[in-house]
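Right, one structure below, let's go through it.
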Amino acid sequence: MKISIQKILDVYYRTMLASYFGTNQDDNVMTVKNNDQTVTTYREGEDFIVIDSYGDNGGKTEIFYQGELVWEMTYNGSYPKSAIPTLMSAIKANLEKKIFMGGRGPARFDDDIYVYENNVESNDPMNFHGAEKIYVPGPVLEPVIVGHHSYYGKAVSDLVKA
């Protein structure tokens with residue numbers, strides 16, 4: 001029996017809001033930090049385990065259903081600490097609205113300090129990829145990019161249905 005991609009995305013949204021983005025902190029979350037690497041494990045009932053790991057140069061989110069990997073997202077690149085609040089706010093905006101744009105933030109998010117942009121090249125949660133960046137806005141021809149991530153992910157098609 002295949003699980004639906006929508007059910008997986010719902011788990012993804014709840015996991016991110018219950019852990020790294022901190023809106024709905026709960027007892028199902030365990031976070032371990034080791035030097036520059038942070039690993040968060042989220043358990044939902046008996047069926048789902050989500051492992052989210054990230055460090056200075058990127059990270060990975062894996063969703064397991066009944067012990068089998070069913071969905072994953074990987075991102076790499078880096079941001080300075082000063083841009084992390086903008087990154088988090090942008091991504092959290094989509095998570096709270098359950099909007100999937102490559103599992104990241106909206107096309108554009110401006111917090112009056114930095115501008116976040118997400119260029120989704122393929123937005124099918126079964127197989128997606130794109131790139132995001134944060135830059136300093138201003139009256140210049142080329143914005144000053146302070147950080148970026150490229151990302152990609154996919155569902156395990158043998159176990160997941162669109």
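Following the order of the structure tokens, chains are lettered A, B, ..., residues in each are numbered from 1, and ligands are numbered from 1.
Considering only chain A, backbone DSSP assigns alpha helix (DSSP H) to Ile5, Gln6, Lys7, Ile8, Leu9, Asp10, Val11, Tyr12, Tyr13, Arg14, Thr15, Met16, Leu17, Ala18, Ile84, Pro85, Thr86, Leu87, Met88, Ser89, Ala90, Ile91, Lys92, Ala93, Asn94, Leu95, Glu96 and Lys97 of chain A.
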Can you write just those residues out, N, CA and C atoms, as a compact mmCIF listing (two decimals), in the first residue's frame?
# COMPACT_ATOMS: atom_id res chain seq x y z
N ILE A 5 1.47 11.52 -1.08
CA ILE A 5 2.44 12.60 -0.93
C ILE A 5 1.87 13.70 -0.04
N GLN A 6 0.56 13.92 -0.07
CA GLN A 6 -0.03 14.95 0.78
C GLN A 6 0.14 14.62 2.26
N LYS A 7 -0.03 13.35 2.61
CA LYS A 7 0.17 12.94 4.01
C LYS A 7 1.62 13.18 4.44
N ILE A 8 2.54 12.89 3.54
CA ILE A 8 3.96 13.13 3.84
C ILE A 8 4.23 14.62 4.02
N LEU A 9 3.68 15.45 3.13
CA LEU A 9 3.87 16.90 3.26
C LEU A 9 3.27 17.42 4.56
N ASP A 10 2.11 16.90 4.96
CA ASP A 10 1.51 17.33 6.23
C ASP A 10 2.44 17.01 7.40
N VAL A 11 3.07 15.84 7.37
CA VAL A 11 4.04 15.47 8.40
C VAL A 11 5.24 16.42 8.34
N TYR A 12 5.70 16.72 7.13
CA TYR A 12 6.82 17.65 6.96
C TYR A 12 6.51 19.01 7.59
N TYR A 13 5.34 19.58 7.30
CA TYR A 13 4.97 20.88 7.85
C TYR A 13 4.92 20.82 9.38
N ARG A 14 4.27 19.79 9.93
CA ARG A 14 4.18 19.68 11.40
C ARG A 14 5.56 19.52 12.03
N THR A 15 6.40 18.70 11.39
CA THR A 15 7.74 18.46 11.92
C THR A 15 8.55 19.75 11.99
N MET A 16 8.58 20.48 10.90
CA MET A 16 9.38 21.70 10.87
C MET A 16 8.86 22.73 11.87
N LEU A 17 7.54 22.83 12.02
CA LEU A 17 6.97 23.79 12.97
C LEU A 17 7.12 23.32 14.42
N ALA A 18 7.30 22.02 14.61
CA ALA A 18 7.48 21.48 15.96
C ALA A 18 8.94 21.43 16.37
N ILE A 84 20.27 34.45 8.86
CA ILE A 84 19.48 33.29 9.29
C ILE A 84 18.06 33.69 9.73
N PRO A 85 17.87 34.79 10.47
CA PRO A 85 16.49 35.16 10.82
C PRO A 85 15.61 35.42 9.58
N THR A 86 16.17 36.00 8.54
CA THR A 86 15.41 36.21 7.31
C THR A 86 15.07 34.88 6.66
N LEU A 87 16.04 33.98 6.58
CA LEU A 87 15.82 32.65 6.01
C LEU A 87 14.72 31.93 6.78
N MET A 88 14.81 31.93 8.10
CA MET A 88 13.82 31.24 8.92
C MET A 88 12.43 31.85 8.75
N SER A 89 12.34 33.15 8.73
CA SER A 89 11.04 33.81 8.57
C SER A 89 10.42 33.49 7.22
N ALA A 90 11.23 33.48 6.18
CA ALA A 90 10.72 33.18 4.84
C ALA A 90 10.18 31.75 4.76
N ILE A 91 10.96 30.80 5.23
CA ILE A 91 10.53 29.41 5.16
C ILE A 91 9.32 29.18 6.07
N LYS A 92 9.36 29.75 7.27
CA LYS A 92 8.25 29.59 8.21
C LYS A 92 6.94 30.14 7.63
N ALA A 93 7.00 31.20 6.85
CA ALA A 93 5.80 31.77 6.23
C ALA A 93 5.10 30.72 5.37
N ASN A 94 5.85 29.95 4.59
CA ASN A 94 5.24 28.90 3.76
C ASN A 94 4.81 27.70 4.59
N LEU A 95 5.58 27.32 5.59
CA LEU A 95 5.22 26.18 6.43
C LEU A 95 3.88 26.42 7.12
N GLU A 96 3.71 27.61 7.69
CA GLU A 96 2.48 27.91 8.42
C GLU A 96 1.25 27.90 7.52
N LYS A 97 1.44 28.24 6.25
CA LYS A 97 0.32 28.25 5.29
C LYS A 97 0.22 26.93 4.52
Within 8 Å of Ser78 (chain A), counting only C-alpha atoms, which residues qualify if same-chain residues fewer than 3 places away don't, as a PyMOL selection string?
chain A and resi 56-58+147-149
Restrict the selected residues to N, CA and C atoms and save them as a compact mmCIF listing (two decimals), in the first residue's frame.
# COMPACT_ATOMS: atom_id res chain seq x y z
N ASP A 56 26.78 24.03 8.92
CA ASP A 56 27.14 25.31 8.32
C ASP A 56 26.96 25.34 6.80
N ASN A 57 27.06 24.21 6.13
CA ASN A 57 27.02 24.20 4.66
C ASN A 57 25.82 23.49 4.06
N GLY A 58 24.79 23.23 4.85
CA GLY A 58 23.59 22.62 4.30
C GLY A 58 23.01 21.58 5.21
N GLY A 147 24.05 35.06 0.83
CA GLY A 147 24.00 33.62 1.04
C GLY A 147 23.06 32.95 0.07
N HIS A 148 23.21 31.64 -0.05
CA HIS A 148 22.36 30.89 -0.98
C HIS A 148 22.31 29.41 -0.59
N HIS A 149 21.30 28.74 -1.08
CA HIS A 149 21.18 27.29 -1.01
C HIS A 149 20.67 26.80 -2.36
Enumerate, as a PyMOL selection string, the complete set of residues in region 27-120 of chain A that a backbone-based DSSP assignment places in strand (DSSP E).
chain A and resi 29-34+37-44+48-55+58-65+68-78+108-110+115-120
Put those residues in a file: C-alpha atoms, as a compact mmCIF listing (two decimals), in the first residue's frame.
# COMPACT_ATOMS: atom_id res chain seq x y z
CA VAL A 29 11.11 16.25 19.21
CA MET A 30 14.68 15.43 20.23
CA THR A 31 17.57 17.64 19.14
CA VAL A 32 21.26 16.85 19.48
CA LYS A 33 24.01 19.37 18.67
CA ASN A 34 27.59 18.31 17.97
CA GLN A 37 26.03 19.76 13.15
CA THR A 38 22.48 19.66 14.56
CA VAL A 39 20.28 16.57 14.26
CA THR A 40 16.60 16.68 15.13
CA THR A 41 14.42 13.58 15.31
CA TYR A 42 10.65 13.88 15.28
CA ARG A 43 8.31 10.97 15.89
CA GLU A 44 4.65 11.09 14.92
CA PHE A 48 6.47 8.37 11.03
CA ILE A 49 10.01 9.33 11.97
CA VAL A 50 11.60 12.46 10.54
CA ILE A 51 15.33 13.09 10.77
CA ASP A 52 16.47 16.62 10.02
CA SER A 53 20.20 17.35 10.08
CA TYR A 54 21.99 20.53 9.18
CA GLY A 55 25.29 22.29 9.61
CA GLY A 58 23.59 22.62 4.30
CA GLY A 59 21.41 19.82 5.48
CA LYS A 60 19.02 17.00 4.81
CA THR A 61 15.48 16.08 5.82
CA GLU A 62 14.41 12.45 5.63
CA ILE A 63 10.91 11.14 6.30
CA PHE A 64 10.44 7.48 7.16
CA TYR A 65 7.09 5.69 7.10
CA GLU A 68 11.09 2.88 5.12
CA LEU A 69 12.51 6.10 3.67
CA VAL A 70 9.66 7.69 1.68
CA TRP A 71 10.76 11.31 1.10
CA GLU A 72 13.92 13.38 1.34
CA MET A 73 15.20 16.88 0.72
CA THR A 74 18.83 18.00 0.60
CA TYR A 75 20.12 21.55 0.50
CA ASN A 76 23.63 22.96 0.35
CA GLY A 77 25.20 26.37 0.43
CA SER A 78 25.62 28.80 3.29
CA ARG A 108 10.07 36.64 -2.58
CA PHE A 109 10.19 37.67 1.06
CA ASP A 110 11.37 41.11 2.20
CA VAL A 115 15.42 40.09 0.55
CA TYR A 116 14.89 36.35 0.21
CA GLU A 117 14.14 34.85 -3.20
CA ASN A 118 13.26 31.27 -4.05
CA ASN A 119 13.58 30.11 -7.65
CA VAL A 120 11.77 26.78 -7.85
Using only C-alpha atoms, the shortest atom-to-atom distance to Ser122 (chain A) among A:Pro143, A:Gly105, A:Phe100, A:Gly138 belongs to A:Phe100
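Counting only C-alpha atoms and comparing A:Lys2, A:Arg104, A:Lys161, A:Lys154, the residue that lies closest to Asn127 (chain A) is A:Lys154.
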Give me, please, the distance in Å between CA of Lys98 (chain A) and CA of Tyr152 (chain A), quoted to one decimal.
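CA of Tyr152 (chain A) lies 18.4 Å from CA of Lys98 (chain A).
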Calculated over only C-alpha atoms, which of the candidates A:Asn123, A:Tyr114, A:Ser150, A:Gly45 has the smallest distance to Gly102 (chain A)?
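Counting only C-alpha atoms, the residue closest to Gly102 (chain A) is A:Asn123.
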One number please: CA of Asp36 (chain A) to CA of Met101 (chain A), in Å, one decimal.
27.0 Å
I need the residue nearest Gly103 (chain A) from this list: A:Glu121, A:Asn35, A:Tyr151, A:Val144. Use only C-alpha atoms for the distance.
A:Tyr151
Would you compute the distance between CA of Ile134 (chain A) and CA of Ser19 (chain A)? Give it in Å to one decimal.
22.7 Å
